[in-house]
Amino acid sequence: MPAEWELDELLSEQPRFDLEAVKRRTLARMEETNEQPVRRRAPLRSFLLAAVICALSVSAVAAADYATNGQLTRALGIRRPQTEAVSEPEPTPEETPVEEPEPVQLQEPPEAVPEEPPELDEQIADALQIDQSQAQRLRPAIQAVKRTSEDRDVRMTVLQTLGDPACLYIKLRFDFPEAMPYKEYLEFEDLDISFVDSNSYSWQEKILEQDACSITYLLSAKLYGEKSLNGQAVTVTAENYGHPHQYTADEVVQLAGEAGKPYTTILYPDGTIDWEVTEEDLAALPPEAEPTIIYSEGFTISLRTDGSKVVTYDGEHGDQMLTAYLVPDFDAVVAGKWEQSWTLSYQDLSLYWKGETELFDPRLTLTELRLSPLSWSADFTATEDVPEGETLNFNLIPKDWGVQLRRRDGSLTDQPLHWSGGSGSSPVPNEAGLFVTDITVGNVFDQPIDLSDVTAVVIDGQEFPVN
């Protein structure tokens, strides 16, 4: 097929033609009836196609086709170029379809990977004689604290705890800016542990390491019969690092008390004494620094915030003598206060038995037994037929128990239990007029025990399954 430009060049060399005549003859041929044989139409179609290609340019064919409203190309079998699609008018705002938003695929937040419990501090493990395998089993009961408190350039750092519901070990370290003199004699005037929701507990301290510029302690606390330590807020407080004062003869005074002769004396920090005290003298003193100390001999001593001491004698205890000190009993090398609080959070590794079983005595009912690697406790209900105010309570429970631990393989291991402390509720009369008391006893093990495969506790011949 010739290109369009080739046909245009031939157009000037062809004879002139009458477009209207071509239109009339073409329409006349196209209006023939359908009954006419196809063979008559085919030669005509071929003739017209050849005539148009040879005699007409592409522009002429387009003009003739336009004049016949497209019937020319349809009759000749020429496919017209596809016309551009006519864009439909945009819908009015009322007709604008509202596209449904694609549903938002909410991605599930990644699952929080539980943090690995910390490794047991080596100094704690050595102090409690815990071997490596036992240390790994105790890891869930460890809390990494790492909190600091600083005063007078001395920093206290609470490092780590190891605990269960009734026992807590705390490791803390003090760092000093420079070497302390005669360090073997230095100590804190006050080093204390306190719990927000517990009042019945005891604690002690042990030095793990000490050098000229630091000292590391292991504090151990034991709870008696109250709610679990885990989840409670605990506070460690230390005040004034130094040593007890070594008194000289002129810093000590002997105060005498005579029967029937009450009096009040003021001992001032500079060593002077006011024997004749008036109400105005007492009113001029600052408030008390701590609760008044009461002595059974009838003497009381009130320490004021300025260091002065108010000594009184009631005159009702005959002739008495009291040794009093004119200067403070502690010399602070570093006077300061360090305090840190946090919430205890660790896993309880205890095994439990709960129920109601008579144990040791018909008047005793065991209701709960708890056994952890660090400590143990037992809850009893004591029902006693005695006059009010004369309850037996703790006397019903023997101090030493011949306990055995049942292992998974059926074997038994001796584990004596000795309770050293406990707590009890006030006796309450029941319907039968008997007095009922709730009692809890327990103790802390000197060295953590292995409970990895314990299934039951055998006490006084009775077996108590634990889980």
# chains A, B, ... in the order shown; residues from 1 in each chain; ligands from 1
>>> residues_around(residues="region 159-176 of chain A", least_positions_apart="6", cutoff="6 Å", atoms="only C-alpha atoms", output="list in words")
Ala141, Ile142, Gln143, Ala144, Val145, Lys146, Cys213, Ser214, Ile215, Thr216, Tyr217, Leu218, Leu219, Ser220, Ala221, Lys222, Leu223, Ser228, Leu229, Asn230 and Asp348 of chain A
>>> select_by_dssp(residues="region 262-431 of chain A", states="helix (DSSP H, G or I)", output="PyMOL selection string")
chain A and resi 279-284+393-396
>>> closest_residue(among="A:Ile439, A:Leu451, A:Val327, A:Met180", to="Ala378 (chain A)", atoms="only C-alpha atoms")
A:Ile439
>>> residues_around(residues="Val334 (chain A)", least_positions_apart="2", cutoff="12 Å", atoms="only C-alpha atoms", output="list of chain:residue names")
A:Asp151, A:Arg152, A:Asp153, A:Val154, A:Arg155, A:Phe176, A:Pro177, A:Glu178, A:Ala179, A:Met180, A:Pro181, A:Leu186, A:Glu187, A:Phe188, A:Glu189, A:Ala238, A:Glu239, A:Asn240, A:Tyr241, A:Gly242, A:His243, A:Phe330, A:Asp331, A:Ala332, A:Gly336, A:Lys337, A:Trp338
>>> write_last_selection(atoms="C-alpha atoms", output="mmCIF file, in the first residue's frame")
data_model
loop_
_atom_site.group_PDB
_atom_site.id
_atom_site.type_symbol
_atom_site.label_atom_id
_atom_site.label_comp_id
_atom_site.auth_asym_id
_atom_site.auth_seq_id
_atom_site.Cartn_x
_atom_site.Cartn_y
_atom_site.Cartn_z
ATOM 1 C CA ASP A 151 24.546 13.528 98.870
ATOM 2 C CA ARG A 152 27.810 15.250 99.854
ATOM 3 C CA ASP A 153 29.501 13.642 96.827
ATOM 4 C CA VAL A 154 28.766 10.188 98.259
ATOM 5 C CA ARG A 155 26.673 7.963 95.977
ATOM 6 C CA PHE A 176 33.093 7.908 98.277
ATOM 7 C CA PRO A 177 34.918 10.707 96.433
ATOM 8 C CA GLU A 178 38.128 10.061 98.336
ATOM 9 C CA ALA A 179 39.661 7.485 100.633
ATOM 10 C CA MET A 180 38.064 7.333 104.087
ATOM 11 C CA PRO A 181 40.343 7.352 107.180
ATOM 12 C CA LEU A 186 33.512 3.541 110.039
ATOM 13 C CA GLU A 187 29.837 2.728 109.770
ATOM 14 C CA PHE A 188 26.502 4.406 109.139
ATOM 15 C CA GLU A 189 24.771 5.898 112.134
ATOM 16 C CA ALA A 238 21.309 5.605 105.281
ATOM 17 C CA GLU A 239 22.414 8.572 107.422
ATOM 18 C CA ASN A 240 25.778 9.923 108.561
ATOM 19 C CA TYR A 241 28.867 7.876 107.830
ATOM 20 C CA GLY A 242 31.346 7.897 110.682
ATOM 21 C CA HIS A 243 31.903 6.131 114.019
ATOM 22 C CA PHE A 330 28.141 9.608 116.975
ATOM 23 C CA ASP A 331 30.901 11.438 115.111
ATOM 24 C CA ALA A 332 30.053 11.834 111.416
ATOM 25 C CA GLY A 336 24.415 13.260 104.930
ATOM 26 C CA LYS A 337 21.325 11.243 104.080
ATOM 27 C CA TRP A 338 20.899 8.770 101.244
#
>>> select_by_dssp(residues="region 329-378 of chain A", states="strand (DSSP E)", output="MDAnalysis selection string")
chainID A and resid 330:343 351:359 361:371 375:378
>>> write_last_selection(atoms="N, CA and C atoms", output="compact mmCIF listing (two decimals), in the first residue's frame")
# COMPACT_ATOMS: atom_id res chain seq x y z
N PHE A 330 27.63 10.05 118.28
CA PHE A 330 28.14 9.61 116.97
C PHE A 330 28.89 10.75 116.32
N ASP A 331 30.10 10.45 115.83
CA ASP A 331 30.90 11.44 115.11
C ASP A 331 30.82 11.13 113.62
N ALA A 332 30.24 12.04 112.85
CA ALA A 332 30.05 11.83 111.42
C ALA A 332 31.26 12.34 110.64
N VAL A 333 31.90 11.44 109.90
CA VAL A 333 32.96 11.85 108.98
C VAL A 333 32.33 12.49 107.74
N VAL A 334 31.22 11.91 107.28
CA VAL A 334 30.42 12.49 106.20
C VAL A 334 28.99 12.58 106.71
N ALA A 335 28.50 13.81 106.97
CA ALA A 335 27.14 14.00 107.45
C ALA A 335 26.22 14.15 106.25
N GLY A 336 25.33 13.21 106.07
CA GLY A 336 24.42 13.26 104.93
C GLY A 336 23.33 12.21 105.07
N LYS A 337 22.43 12.21 104.10
CA LYS A 337 21.33 11.24 104.08
C LYS A 337 21.16 10.73 102.66
N TRP A 338 21.07 9.42 102.55
CA TRP A 338 20.90 8.77 101.24
C TRP A 338 19.66 7.88 101.32
N GLU A 339 18.78 8.05 100.35
CA GLU A 339 17.50 7.32 100.40
C GLU A 339 17.08 6.96 98.98
N GLN A 340 16.56 5.75 98.83
CA GLN A 340 16.08 5.30 97.52
C GLN A 340 14.88 4.38 97.73
N SER A 341 13.83 4.60 96.90
CA SER A 341 12.62 3.79 96.98
C SER A 341 12.31 3.20 95.61
N TRP A 342 11.72 2.02 95.60
CA TRP A 342 11.29 1.38 94.36
C TRP A 342 10.27 0.31 94.70
N THR A 343 9.61 -0.20 93.68
CA THR A 343 8.60 -1.25 93.86
C THR A 343 9.22 -2.61 93.54
N LEU A 351 6.29 -23.14 96.19
CA LEU A 351 5.34 -24.22 96.03
C LEU A 351 4.30 -24.09 97.15
N TYR A 352 3.02 -24.38 96.83
CA TYR A 352 1.94 -24.15 97.78
C TYR A 352 1.09 -25.40 97.99
N TRP A 353 0.59 -25.53 99.21
CA TRP A 353 -0.50 -26.44 99.53
C TRP A 353 -1.55 -25.64 100.27
N LYS A 354 -2.85 -25.82 99.90
CA LYS A 354 -3.94 -25.13 100.58
C LYS A 354 -5.05 -26.13 100.88
N GLY A 355 -5.63 -26.01 102.03
CA GLY A 355 -6.71 -26.90 102.44
C GLY A 355 -7.02 -26.70 103.90
N GLU A 356 -7.53 -27.75 104.55
CA GLU A 356 -7.81 -27.72 105.99
C GLU A 356 -7.51 -29.09 106.56
N THR A 357 -6.46 -29.18 107.36
CA THR A 357 -6.04 -30.45 107.94
C THR A 357 -5.53 -30.22 109.36
N GLU A 358 -5.98 -31.05 110.30
CA GLU A 358 -5.45 -30.98 111.65
C GLU A 358 -3.99 -31.40 111.65
N LEU A 359 -3.18 -30.66 112.38
CA LEU A 359 -1.75 -30.95 112.41
C LEU A 359 -1.20 -30.65 113.80
N ASP A 361 -1.92 -30.97 116.72
CA ASP A 361 -2.83 -30.87 117.86
C ASP A 361 -4.25 -30.76 117.33
N PRO A 362 -5.24 -31.39 117.96
CA PRO A 362 -6.62 -31.28 117.48
C PRO A 362 -7.15 -29.85 117.42
N ARG A 363 -6.50 -28.98 118.19
CA ARG A 363 -6.94 -27.58 118.20
C ARG A 363 -6.30 -26.75 117.10
N LEU A 364 -5.40 -27.37 116.34
CA LEU A 364 -4.70 -26.67 115.26
C LEU A 364 -5.17 -27.19 113.91
N THR A 365 -5.46 -26.28 112.98
CA THR A 365 -5.82 -26.63 111.61
C THR A 365 -4.88 -25.92 110.66
N LEU A 366 -4.13 -26.69 109.88
CA LEU A 366 -3.24 -26.11 108.87
C LEU A 366 -4.08 -25.72 107.66
N THR A 367 -3.96 -24.46 107.22
CA THR A 367 -4.75 -23.98 106.08
C THR A 367 -3.90 -23.67 104.86
N GLU A 368 -2.62 -23.39 105.06
CA GLU A 368 -1.74 -23.12 103.91
C GLU A 368 -0.30 -23.41 104.29
N LEU A 369 0.41 -24.00 103.32
CA LEU A 369 1.85 -24.25 103.47
C LEU A 369 2.55 -23.70 102.24
N ARG A 370 3.58 -22.90 102.48
CA ARG A 370 4.35 -22.32 101.37
C ARG A 370 5.81 -22.67 101.56
N LEU A 371 6.42 -23.13 100.48
CA LEU A 371 7.82 -23.53 100.51
C LEU A 371 8.51 -22.96 99.29
N SER A 375 12.72 -19.45 101.69
CA SER A 375 12.05 -19.42 102.99
C SER A 375 10.82 -20.32 102.96
N TRP A 376 10.17 -20.44 104.11
CA TRP A 376 8.92 -21.20 104.19
C TRP A 376 7.99 -20.53 105.20
N SER A 377 6.71 -20.82 105.10
CA SER A 377 5.73 -20.31 106.05
C SER A 377 4.54 -21.26 106.10
N ALA A 378 3.82 -21.23 107.22
CA ALA A 378 2.64 -22.07 107.40
C ALA A 378 1.58 -21.26 108.13
>>> closest_residue(among="A:Ala135, A:Leu267, A:Val236, A:Ala127", to="Lys206 (chain A)", atoms="only C-alpha atoms")
A:Ala127
>>> residues_around(residues="Pro373 (chain A)", least_positions_apart="4", cutoff="9 Å", atoms="only C-alpha atoms", output="ChimeraX atom specification")
/A:138,164,349-350,445,447-451
>>> closest_residue(among="A:Ser200, A:Lys261, A:Val253, A:Pro287", to="Gly225 (chain A)", atoms="only C-alpha atoms")
A:Ser200
>>> closest_residue(among="A:Glu280, A:Gln210, A:Gln320, A:Gln232", to="Gly257 (chain A)", atoms="only C-alpha atoms")
A:Gln320
